[in-house]
file work_16.txt (compact mmCIF, C-alpha atoms)
# COMPACT_ATOMS: atom_id res chain seq x y z
CA MET A 1 -31.31 50.69 -61.10
CA GLY A 2 -33.90 53.47 -61.09
CA GLU A 3 -33.20 57.17 -61.29
CA LEU A 4 -31.37 58.56 -58.27
CA ILE A 5 -33.15 60.95 -55.90
CA ASN A 6 -31.20 64.19 -55.45
CA VAL A 7 -31.29 65.03 -51.73
CA GLY A 8 -29.91 68.09 -49.96
CA ILE A 9 -29.77 68.61 -46.20
CA THR A 10 -29.66 72.06 -44.65
CA GLY A 11 -27.71 71.82 -41.42
CA GLN A 12 -25.65 69.06 -43.03
CA ASN A 13 -22.82 69.51 -40.51
CA GLY A 14 -25.04 69.60 -37.42
CA PHE A 15 -25.79 66.59 -35.23
CA MET A 16 -28.90 65.36 -37.05
CA GLY A 17 -27.71 66.53 -40.46
CA MET A 18 -24.36 64.77 -40.22
CA HIS A 19 -26.00 61.49 -39.24
CA LEU A 20 -28.62 61.68 -41.98
CA TYR A 21 -25.98 62.61 -44.58
CA ASN A 22 -23.88 59.60 -43.55
CA PHE A 23 -26.91 57.31 -43.44
CA LEU A 24 -27.89 58.33 -46.98
CA GLY A 25 -24.31 57.58 -47.99
CA THR A 26 -25.07 53.90 -47.33
CA LYS A 27 -27.80 54.06 -50.03
CA PRO A 28 -25.81 54.99 -53.17
CA GLU A 29 -28.11 52.92 -55.36
CA GLU A 30 -31.04 55.22 -54.48
CA ILE A 31 -29.72 58.57 -53.27
CA LYS A 32 -27.44 61.24 -54.69
CA ARG A 33 -26.42 63.69 -51.97
CA ILE A 34 -26.34 67.36 -52.96
CA PRO A 35 -23.76 69.09 -50.71
CA PHE A 36 -24.90 72.01 -48.57
CA ASN A 37 -22.86 74.66 -46.78
CA LYS A 38 -24.31 76.94 -44.12
CA ASN A 39 -23.04 80.03 -45.96
CA TYR A 40 -25.66 79.32 -48.64
CA PHE A 41 -28.19 81.03 -46.38
CA GLU A 42 -26.17 84.23 -46.75
CA ASN A 43 -25.79 83.91 -50.51
CA PRO A 44 -29.11 83.91 -52.42
CA GLU A 45 -27.52 82.66 -55.67
CA LEU A 46 -25.92 79.64 -54.01
CA LEU A 47 -29.12 78.83 -52.11
CA GLN A 48 -31.18 79.11 -55.31
CA LYS A 49 -28.74 76.82 -57.14
CA PHE A 50 -28.97 74.33 -54.25
CA VAL A 51 -32.79 74.10 -54.20
CA SER A 52 -32.97 73.87 -58.00
CA GLU A 53 -30.68 70.81 -57.93
CA CYS A 54 -32.68 68.97 -55.26
CA ASP A 55 -35.64 66.64 -55.62
CA VAL A 56 -35.89 66.64 -51.83
CA VAL A 57 -34.65 69.18 -49.29
CA VAL A 58 -34.47 68.05 -45.67
CA HIS A 59 -34.52 71.26 -43.64
CA LEU A 60 -32.66 70.52 -40.41
CA ALA A 61 -30.78 73.80 -39.99
CA ALA A 62 -31.93 75.52 -36.82
CA MET A 63 -30.71 77.14 -33.65
CA ASN A 64 -31.59 75.24 -30.47
CA ARG A 65 -29.95 77.22 -27.69
CA HIS A 66 -28.90 80.81 -27.13
CA GLU A 67 -28.88 83.22 -24.22
CA ASP A 68 -31.44 85.34 -26.08
CA ALA A 69 -34.53 83.24 -26.84
CA SER A 70 -35.82 85.85 -29.28
CA PHE A 71 -32.62 85.44 -31.30
CA ILE A 72 -33.40 81.72 -31.62
CA TYR A 73 -36.90 82.55 -32.86
CA ASP A 74 -35.75 85.17 -35.36
CA THR A 75 -32.94 82.97 -36.68
CA ASN A 76 -35.13 79.93 -37.27
CA ILE A 77 -37.91 81.91 -38.93
CA GLN A 78 -35.40 83.66 -41.20
CA LEU A 79 -33.89 80.33 -42.31
CA VAL A 80 -37.35 79.15 -43.39
CA LYS A 81 -38.02 82.42 -45.22
CA ASN A 82 -34.68 82.23 -47.02
CA LEU A 83 -35.35 78.68 -48.17
CA ILE A 84 -38.86 79.49 -49.40
CA GLY A 85 -37.51 82.63 -51.10
CA ALA A 86 -34.91 80.59 -52.98
CA CYS A 87 -37.60 78.15 -54.16
CA LYS A 88 -39.80 81.01 -55.36
CA ALA A 89 -36.91 82.68 -57.20
CA LYS A 90 -36.22 79.52 -59.20
CA ASN A 91 -39.82 78.27 -59.40
CA ALA A 92 -38.42 75.17 -57.73
CA THR A 93 -40.73 72.78 -55.91
CA PRO A 94 -38.58 70.15 -54.20
CA LYS A 95 -40.29 68.04 -51.59
CA ILE A 96 -39.50 69.73 -48.27
CA ILE A 97 -39.01 67.58 -45.19
CA PHE A 98 -39.06 69.89 -42.21
CA SER A 99 -37.77 68.92 -38.79
CA SER A 100 -40.09 70.31 -36.19
CA SER A 101 -40.14 69.41 -32.52
CA THR A 102 -42.43 68.32 -29.72
CA GLN A 103 -41.55 71.74 -28.31
CA GLU A 104 -44.33 73.00 -30.62
CA GLU A 105 -46.72 72.02 -27.83
CA LYS A 106 -44.97 74.30 -25.34
CA ASP A 107 -45.24 78.05 -25.11
CA ASN A 108 -41.64 78.99 -25.77
CA LEU A 109 -39.94 80.90 -28.57
CA TYR A 110 -38.06 77.86 -29.92
CA GLY A 111 -41.29 75.86 -30.13
CA ASN A 112 -43.08 78.82 -31.70
CA SER A 113 -40.35 79.17 -34.32
CA LYS A 114 -40.88 75.53 -35.29
CA LYS A 115 -44.67 75.80 -35.37
CA GLU A 116 -44.64 78.98 -37.47
CA GLY A 117 -41.90 77.64 -39.73
CA ARG A 118 -44.04 74.58 -40.41
CA LYS A 119 -47.03 76.76 -41.28
CA ALA A 120 -44.91 78.87 -43.66
CA PHE A 121 -43.78 75.76 -45.55
CA GLU A 122 -47.35 74.46 -45.69
CA ASP A 123 -48.65 77.78 -47.05
CA TRP A 124 -45.92 77.77 -49.72
CA ALA A 125 -46.76 74.17 -50.66
CA LYS A 126 -50.49 74.91 -51.07
CA ILE A 127 -49.84 77.82 -53.40
CA ASN A 128 -47.21 76.00 -55.49
CA GLN A 129 -48.68 72.47 -55.54
CA ALA A 130 -45.57 71.26 -53.72
CA SER A 131 -45.12 68.60 -51.05
CA VAL A 132 -44.14 69.21 -47.44
CA VAL A 133 -43.60 66.63 -44.73
CA SER A 134 -43.34 68.12 -41.24
CA CYS A 135 -41.77 65.72 -38.75
CA ILE A 136 -42.58 66.42 -35.11
CA ILE A 137 -39.49 64.95 -33.48
CA PRO A 138 -38.99 63.96 -29.82
CA ASN A 139 -35.64 64.21 -28.00
CA VAL A 140 -32.86 62.72 -30.14
CA PHE A 141 -29.66 61.14 -28.86
CA GLY A 142 -26.72 59.43 -30.49
CA PRO A 143 -22.96 59.53 -31.13
CA PHE A 144 -21.09 62.80 -31.66
CA GLY A 145 -23.74 65.09 -30.16
CA LYS A 146 -22.54 68.36 -28.69
CA PRO A 147 -22.40 68.33 -24.86
CA ASN A 148 -24.55 70.93 -23.09
CA TYR A 149 -26.41 71.52 -26.36
CA ASN A 150 -27.94 68.55 -28.18
CA SER A 151 -28.97 66.22 -25.37
CA VAL A 152 -28.55 65.40 -21.70
CA VAL A 153 -27.17 62.06 -22.96
CA SER A 154 -24.36 63.90 -24.77
CA THR A 155 -23.56 65.91 -21.67
CA PHE A 156 -23.44 62.85 -19.39
CA CYS A 157 -21.33 60.83 -21.84
CA HIS A 158 -18.80 63.60 -22.25
CA LYS A 159 -18.47 64.22 -18.53
CA LEU A 160 -18.10 60.52 -17.63
CA THR A 161 -15.33 60.02 -20.21
CA HIS A 162 -13.49 63.23 -19.30
CA ASN A 163 -13.15 62.88 -15.54
CA GLU A 164 -16.06 65.18 -14.75
CA THR A 165 -19.10 64.57 -12.53
CA PRO A 166 -22.56 64.69 -14.15
CA ILE A 167 -25.25 66.53 -12.20
CA ILE A 168 -28.99 65.87 -12.45
CA ILE A 169 -30.86 69.16 -12.35
CA ASN A 170 -34.34 67.73 -12.91
CA ASP A 171 -34.98 63.99 -12.73
CA SER A 172 -37.82 64.05 -15.23
CA LYS A 173 -38.99 61.41 -17.68
CA VAL A 174 -37.55 61.94 -21.16
CA ASN A 175 -39.04 60.62 -24.41
CA LEU A 176 -36.17 59.58 -26.67
CA ILE A 177 -35.42 58.37 -30.17
CA TYR A 178 -32.01 57.13 -31.34
CA ILE A 179 -30.49 59.04 -34.25
CA ASN A 180 -30.21 55.91 -36.42
CA GLU A 181 -33.94 55.29 -35.94
CA LEU A 182 -34.72 58.87 -36.88
CA SER A 183 -32.48 58.71 -39.97
CA GLU A 184 -34.39 55.63 -41.10
CA ILE A 185 -37.71 57.46 -40.73
CA LEU A 186 -36.46 60.51 -42.65
CA TYR A 187 -35.06 58.24 -45.36
CA ASN A 188 -38.46 56.56 -45.74
CA HIS A 189 -40.06 59.98 -46.21
CA ILE A 190 -37.41 60.86 -48.80
CA ILE A 191 -38.13 57.81 -50.96
CA SER A 192 -41.91 57.77 -50.47
CA ASP A 193 -44.35 58.87 -53.15
CA ASP A 194 -46.48 60.83 -50.69
CA GLU A 195 -47.69 64.15 -52.07
CA GLY A 196 -49.26 67.23 -50.57
CA ILE A 197 -49.01 68.23 -46.93
CA LEU A 198 -48.22 65.61 -44.32
CA VAL A 199 -47.53 65.93 -40.60
CA ASP A 200 -45.70 62.99 -39.04
CA LYS A 201 -45.70 63.03 -35.26
CA ILE A 202 -42.78 60.68 -34.79
CA ASN A 203 -43.15 58.32 -31.87
CA HIS A 204 -40.39 58.11 -29.30
CA THR A 205 -38.87 54.64 -28.95
CA SER A 206 -38.02 54.80 -25.25
CA THR A 207 -38.95 56.72 -22.12
CA LYS A 208 -36.41 56.99 -19.33
CA ASN A 209 -35.89 58.97 -16.18
CA VAL A 210 -32.76 61.10 -16.36
CA SER A 211 -31.42 59.20 -13.32
CA ALA A 212 -31.94 55.84 -15.09
CA ILE A 213 -29.96 57.06 -18.10
CA LEU A 214 -27.14 58.21 -15.85
CA LYS A 215 -27.10 54.90 -13.97
CA LEU A 216 -26.67 52.96 -17.22
CA LEU A 217 -23.90 55.28 -18.38
CA GLN A 218 -22.12 55.04 -15.03
CA GLY A 219 -22.27 51.26 -15.45
CA TYR A 220 -20.62 51.57 -18.87
CA LYS A 221 -17.90 53.72 -17.36
CA GLU A 222 -17.17 51.14 -14.65
CA SER A 223 -17.43 47.95 -16.72
CA TYR A 224 -16.16 49.09 -20.10
CA PHE A 225 -14.19 52.32 -19.76
CA GLU A 226 -12.35 51.21 -16.62
CA ASN A 227 -12.23 47.42 -17.10
CA GLY A 228 -12.74 46.72 -20.82
CA ILE A 229 -15.85 44.56 -20.29
CA VAL A 230 -18.53 44.96 -22.96
CA PRO A 231 -21.97 45.22 -21.30
CA ASP A 232 -25.20 43.48 -22.22
CA LEU A 233 -26.22 44.80 -25.65
CA SER A 234 -29.35 42.69 -26.14
CA VAL A 235 -31.73 45.59 -25.46
CA PRO A 236 -31.81 47.98 -28.48
CA PHE A 237 -31.93 51.14 -26.36
CA GLU A 238 -28.96 50.03 -24.27
CA LYS A 239 -26.91 49.13 -27.36
CA ALA A 240 -27.69 52.57 -28.79
CA LEU A 241 -26.74 54.22 -25.49
CA PHE A 242 -23.50 52.22 -25.31
CA ASN A 243 -22.51 53.18 -28.88
CA THR A 244 -23.27 56.77 -27.96
CA PHE A 245 -21.12 56.53 -24.83
CA THR A 246 -18.11 55.08 -26.65
CA SER A 247 -18.14 57.91 -29.21
CA TYR A 248 -17.02 60.31 -26.46
CA ILE A 249 -14.00 58.28 -25.38
CA PRO A 250 -10.80 60.23 -26.19
CA LYS A 251 -8.77 58.69 -29.00
CA ASN A 252 -5.68 58.39 -26.80
CA TYR A 253 -7.57 55.84 -24.66
CA PHE A 254 -6.43 53.12 -27.10
CA PRO A 255 -4.58 50.82 -27.47
CA ARG A 256 -5.37 49.01 -24.21
CA ASN A 257 -2.88 46.46 -22.95
CA PHE A 258 -4.07 43.04 -21.82
CA THR A 259 -2.77 41.43 -18.63
CA LYS A 260 -0.17 38.87 -19.72
CA HIS A 261 0.46 35.93 -17.40
CA VAL A 262 3.83 34.24 -17.97
CA ASP A 263 5.25 31.08 -16.38
CA ASN A 264 7.52 28.21 -17.39
CA ARG A 265 4.84 26.85 -19.71
CA GLY A 266 4.55 30.09 -21.72
CA ALA A 267 2.02 32.93 -21.60
CA PHE A 268 -1.73 33.31 -21.05
CA VAL A 269 -3.82 36.36 -22.00
CA GLU A 270 -7.55 36.85 -21.48
CA ILE A 271 -8.81 38.52 -24.64
CA MET A 272 -12.45 39.31 -24.01
CA ARG A 273 -15.05 39.63 -21.29
CA ALA A 274 -18.54 40.44 -22.46
CA ASN A 275 -21.99 40.26 -20.91
CA THR A 276 -23.52 39.91 -24.37
CA PRO A 277 -23.42 37.34 -27.19
CA GLY A 278 -20.94 37.77 -30.01
CA GLN A 279 -18.77 36.17 -32.66
CA SER A 280 -15.05 35.48 -32.26
CA SER A 281 -12.63 34.90 -35.13
CA PHE A 282 -8.97 35.28 -36.00
CA SER A 283 -6.87 36.16 -39.01
CA THR A 284 -3.29 35.77 -40.10
CA THR A 285 -1.83 38.53 -42.25
CA VAL A 286 1.44 38.45 -44.16
CA PRO A 287 3.82 41.44 -43.99
CA GLY A 288 2.72 44.55 -45.83
CA ILE A 289 -0.92 43.49 -46.27
CA THR A 290 -3.91 45.59 -45.09
CA ARG A 291 -7.28 44.22 -44.05
CA GLY A 292 -10.53 46.08 -43.43
CA ASN A 293 -11.22 49.53 -44.91
CA HIS A 294 -14.86 49.41 -43.87
CA TYR A 295 -17.15 50.85 -41.22
CA HIS A 296 -20.19 49.78 -39.21
CA THR A 297 -23.26 51.74 -38.11
CA ARG A 298 -24.28 49.57 -35.15
CA LYS A 299 -21.76 46.79 -34.51
CA VAL A 300 -19.32 46.75 -31.58
CA GLU A 301 -15.98 45.28 -32.69
CA ARG A 302 -12.62 44.55 -31.05
CA PHE A 303 -9.25 43.99 -32.75
CA ALA A 304 -6.74 42.20 -30.48
CA VAL A 305 -3.16 41.73 -31.71
CA ILE A 306 -1.51 38.72 -30.08
CA SER A 307 1.47 38.12 -32.37
CA GLY A 308 3.35 40.36 -34.77
CA LYS A 309 3.29 44.11 -35.30
CA ALA A 310 0.31 46.06 -36.58
CA SER A 311 -0.87 49.51 -37.47
CA ILE A 312 -4.59 50.14 -36.90
CA LYS A 313 -6.04 53.24 -38.53
CA LEU A 314 -9.43 54.87 -38.01
CA ARG A 315 -11.14 57.79 -39.74
CA LYS A 316 -14.59 59.15 -39.02
CA ILE A 317 -16.76 59.10 -42.14
CA ASN A 318 -16.73 62.40 -44.07
CA THR A 319 -13.81 63.79 -42.07
CA ASP A 320 -10.08 63.89 -42.83
CA ASP A 321 -8.35 63.18 -39.50
CA VAL A 322 -6.80 59.70 -39.33
CA PHE A 323 -5.99 58.13 -35.95
CA GLU A 324 -3.24 55.52 -35.96
CA TYR A 325 -2.35 52.98 -33.27
CA PHE A 326 0.69 50.72 -33.16
CA LEU A 327 0.30 47.31 -31.53
CA ASP A 328 2.88 44.62 -30.86
CA GLY A 329 2.14 41.03 -29.86
CA GLU A 330 5.02 41.20 -27.40
CA THR A 331 2.62 43.33 -25.35
CA PRO A 332 -0.81 41.97 -26.39
CA SER A 333 -3.31 44.82 -26.71
CA TYR A 334 -6.58 45.80 -28.36
CA VAL A 335 -8.43 48.63 -30.05
CA ASP A 336 -12.24 48.80 -30.24
CA MET A 337 -13.79 50.22 -33.40
CA PRO A 338 -16.30 53.05 -32.89
CA ILE A 339 -19.32 53.09 -35.19
CA TRP A 340 -19.15 55.40 -38.22
CA TYR A 341 -15.34 55.13 -38.27
CA THR A 342 -13.82 53.34 -41.25
CA HIS A 343 -10.91 51.22 -40.05
CA ASN A 344 -8.15 48.92 -41.20
CA ILE A 345 -5.24 46.88 -39.87
CA THR A 346 -1.84 46.50 -41.58
CA ASN A 347 0.99 44.10 -40.84
CA ILE A 348 3.96 46.46 -40.42
CA GLY A 349 6.34 43.78 -39.15
CA HIS A 350 8.51 41.14 -40.81
CA GLU A 351 6.63 38.16 -39.38
CA GLU A 352 3.10 36.88 -39.70
CA LEU A 353 0.49 39.00 -37.88
CA ILE A 354 -2.12 37.16 -35.80
CA THR A 355 -5.22 39.14 -34.84
CA LEU A 356 -8.23 38.01 -32.85
CA PHE A 357 -11.57 39.68 -33.60
CA TRP A 358 -14.73 39.90 -31.53
CA ILE A 359 -17.98 41.44 -32.76
CA ASN A 360 -21.30 41.59 -30.97
CA GLU A 361 -23.38 39.96 -33.72
CA PRO A 362 -22.57 37.12 -36.13
CA TYR A 363 -22.05 38.09 -39.75
CA ASP A 364 -25.30 38.08 -41.74
CA ALA A 365 -24.86 38.36 -45.50
CA THR A 366 -28.40 39.75 -45.84
CA ASP A 367 -27.74 42.52 -43.29
CA PRO A 368 -23.97 42.84 -42.93
CA ASP A 369 -23.78 46.43 -41.58
CA THR A 370 -20.41 46.63 -43.32
CA TYR A 371 -19.72 49.50 -45.71
CA PHE A 372 -16.44 49.69 -47.59
CA GLU A 373 -14.47 52.93 -47.60
CA THR A 374 -10.70 53.39 -47.58
CA VAL A 375 -9.29 54.94 -44.43
call {"tool": "encode", "arguments": {"input": "work_16.txt", "output": "structure tokens"}}
result
Amino acid sequence: MGELINVGITGQNGFMGMHLYNFLGTKPEEIKRIPFNKNYFENPELLQKFVSECDVVVHLAAMNRHEDASFIYDTNIQLVKNLIGACKAKNATPKIIFSSSTQEEKDNLYGNSKKEGRKAFEDWAKINQASVVSCIIPNVFGPFGKPNYNSVVSTFCHKLTHNETPIIINDSKVNLIYINELSEILYNHIISDDEGILVDKINHTSTKNVSAILKLLQGYKESYFENGIVPDLSVPFEKALFNTFTSYIPKNYFPRNFTKHVDNRGAFVEIMRANTPGQSSFSTTVPGITRGNHYHTRKVERFAVISGKASIKLRKINTDDVFEYFLDGETPSYVDMPIWYTHNITNIGHEELITLFWINEPYDATDPDTYFETV
């Protein structure tokens, strides 16, 4: 194993920062993550210590929305100045990866703050023989975004899963990139040997009318949220949109009971309806044993308990809250596993536990999308 790359992310707890931090956590053989806290910007010593420990700093911290546009501009410029000042104070020259925006092309204060911030980093790099990669990023969507802030997708998903009615203000075409795709691009810049000043105008991976996005999401609400039917996930954008949608479903939505048909022959339960390919399997678990303790970044997975008693636990990566569900085969029910949530299932009964599993892609040992972490 080669030497680890020390990577810090300003804005680590924001939408993009959280996803990139978690994505880098799946690369422990290459990356060491240097923790960042937003109060570092208010404490020069802590910020200087941070930059001196990093081989690469991904500068994602920024303000996107505020009633006072000039406050957005001033805030974003000051963050850049503080970071450059910390580097100068320590004579530190980490590679800087700066998240700019396609808003650079528009005459607004947010776009101007990004354009001028990029220039400030480039000027610093020229003087100090440092490397700067400026990523011009289109609209980003993905799980856990903040409604009415990060993306229209976030707003629609939240409203549809919380009994509210989305409203289209302007049915424009939107250029989009999924957060997992963006994290992959930023990761490639982190590990690359590129030196000097580079501007990467990142291509969007889909273009959709706002109304088309809403129509897809309304379909997910009807088929999945209301009827438990997994939609067609064969199109990458639609799988990404579906995984985004499910991240907004309240945790008390699960477990979902199946319809159990009973007659003199016994019982019949339909476990799964899906408009997409997948892999089905089952397990038996003896009392007191736990299975799982892993998470996925793209897979859609269902646990269905048909016999015995089980506890299913979920915890979002890099958070502390654990959600627990109790299922009993006397009332067959299921829980679907959201991406980026580590999960397990424990037999809490005195009899054998029988669980049926469905996942939207067969297991591939060369690309398992399965990362082990205890709940």
call {"tool": "atom_distance", "arguments": {"input": "work_16.txt", "atom1": "atom CA of A:Lys106", "atom2": "atom CA of A:Val199"}}
result
17.6 Å
call {"tool": "closest_atom_pairs", "arguments": {"input": "work_16.txt", "of": "stretch 180-246 of chain A", "to": "stretch 79-97 of chain A", "cutoff": "9 Å", "atoms": "only C-alpha atoms", "output": "CSV"}}
result
residue,atom,partner,partner_atom,distance
A:Leu186,CA,A:Ile97,CA,7.9
A:His189,CA,A:Ile97,CA,7.7
A:Ile190,CA,A:Ile97,CA,7.8
A:Glu195,CA,A:Lys95,CA,8.4
call {"tool": "atom_distance", "arguments": {"input": "work_16.txt", "atom1": "atom CA of A:Ile339", "atom2": "atom CA of A:Leu356"}}
result
18.9 Å
call {"tool": "atom_distance", "arguments": {"input": "work_16.txt", "atom1": "atom CA of A:Ile317", "atom2": "atom CA of A:Glu222"}}
result
28.6 Å
call {"tool": "closest_residue", "arguments": {"input": "work_16.txt", "among": "A:Val300, A:Ala310, A:Val322, A:Ile9", "to": "A:Thr370", "atoms": "only C-alpha atoms"}}
result
A:Val300
call {"tool": "residues_around", "arguments": {"input": "work_16.txt", "residues": "stretch 248-257 of chain A", "least_positions_apart": "2", "cutoff": "9 Å", "atoms": "only C-alpha atoms", "output": "list in words"}}
result
Pro143, Phe144, Ser154, Cys157, His158, Lys159, Leu160, Thr161, His162, Phe225, Gly228, Thr244, Phe245, Thr246, Thr259, Lys260, Phe323, Tyr325, Phe326, Leu327, Thr331, Pro332, Ser333, Tyr334, Val335 and Asp336 of chain A
call {"tool": "closest_residue", "arguments": {"input": "work_16.txt", "among": "A:Gly308, A:Gly8, A:Gly219, A:Pro338", "to": "A:Val57", "atoms": "only C-alpha atoms"}}
result
A:Gly8
call {"tool": "residues_around", "arguments": {"input": "work_16.txt", "residues": "A:Leu60", "least_positions_apart": "2", "cutoff": "6 Å", "atoms": "all atoms listed in the file", "output": "number ranges by chain"}}
result
A: 10-11, 99
call {"tool": "residues_around", "arguments": {"input": "work_16.txt", "residues": "stretch 74-78 of chain A", "least_positions_apart": "5", "cutoff": "6 Å", "atoms": "only C-alpha atoms", "output": "PyMOL selection string"}}
result
chain A and resi 62+113+117
call {"tool": "write_last_selection", "arguments": {"input": "work_16.txt", "atoms": "C-alpha atoms", "output": "short mmCIF file (atom, residue, chain, number, x, y, z; two decimals), in the frame of the given file"}}
result
data_model
loop_
_atom_site.label_atom_id
_atom_site.label_comp_id
_atom_site.auth_asym_id
_atom_site.auth_seq_id
_atom_site.Cartn_x
_atom_site.Cartn_y
_atom_site.Cartn_z
CA ALA A 62 -31.93 75.52 -36.82
CA SER A 113 -40.35 79.17 -34.32
CA GLY A 117 -41.90 77.64 -39.73
#
call {"tool": "axis_aligned_box", "arguments": {"input": "work_16.txt", "around": "stretch 257-271 of chain A", "padding_each_side": "5 Å", "output": "AutoDock Vina command-line options"}}
result
--center_x -0.6 --center_y 36.7 --center_z -20.5 --size_x 26.3 --size_y 29.6 --size_z 18.3
call {"tool": "residues_around", "arguments": {"input": "work_16.txt", "residues": "A:Ile191", "least_positions_apart": "4", "cutoff": "9 Å", "atoms": "all atoms listed in the file", "output": "compact mmCIF listing (two decimals) with C-alpha atoms, in the coordinates of the input"}}
result
# COMPACT_ATOMS: atom_id res chain seq x y z
CA ILE A 5 -33.15 60.95 -55.90
CA GLU A 30 -31.04 55.22 -54.48
CA ILE A 31 -29.72 58.57 -53.27
CA LEU A 186 -36.46 60.51 -42.65
CA TYR A 187 -35.06 58.24 -45.36
call {"tool": "closest_atom_pairs", "arguments": {"input": "work_16.txt", "of": "stretch 91-188 of chain A", "to": "stretch 203-212 of chain A", "cutoff": "9 Å", "atoms": "only C-alpha atoms", "output": "CSV"}}
result
residue,atom,partner,partner_atom,distance
A:Ile136,CA,A:Asn203,CA,8.7
A:Ile137,CA,A:Asn203,CA,7.7
A:Pro138,CA,A:His204,CA,6.0
A:Asn139,CA,A:His204,CA,7.8
A:Val140,CA,A:His204,CA,8.9
A:Val152,CA,A:Val210,CA,8.0
A:Val153,CA,A:Val210,CA,8.7
A:Ile168,CA,A:Ser211,CA,7.2
A:Asn170,CA,A:Val210,CA,7.6
A:Asp171,CA,A:Val210,CA,5.1
A:Ser172,CA,A:Asn209,CA,5.5
A:Lys173,CA,A:Asn209,CA,4.2
A:Val174,CA,A:Lys208,CA,5.4
A:Asn175,CA,A:Thr207,CA,4.5
A:Leu176,CA,A:His204,CA,5.2
A:Ile177,CA,A:His204,CA,5.1
A:Tyr178,CA,A:Thr205,CA,7.7
A:Glu181,CA,A:Thr205,CA,8.6
call {"tool": "closest_residue", "arguments": {"input": "work_16.txt", "among": "A:Asn108, A:Asn180, A:Thr276, A:Ser234", "to": "A:Met18", "atoms": "all atoms listed in the file"}}
result
A:Asn180
call {"tool": "closest_residue", "arguments": {"input": "work_16.txt", "among": "A:Val235, A:Leu241, A:Cys54, A:Ile197", "to": "A:Leu217", "atoms": "all atoms listed in the file"}}
result
A:Leu241
call {"tool": "closest_residue", "arguments": {"input": "work_16.txt", "among": "A:Thr165, A:Thr290, A:Ser247, A:Asn275", "to": "A:Gly142", "atoms": "only C-alpha atoms"}}
result
A:Ser247
call {"tool": "closest_residue", "arguments": {"input": "work_16.txt", "among": "A:Lys119, A:Arg265, A:Lys38, A:His343", "to": "A:Arg302", "atoms": "all atoms listed in the file"}}
result
A:His343
call {"tool": "residues_around", "arguments": {"input": "work_16.txt", "residues": "A:Asp321", "least_positions_apart": "5", "cutoff": "12 Å", "atoms": "only C-alpha atoms", "output": "PyMOL selection string"}}
result
chain A and resi 251+313-316+341-342+375
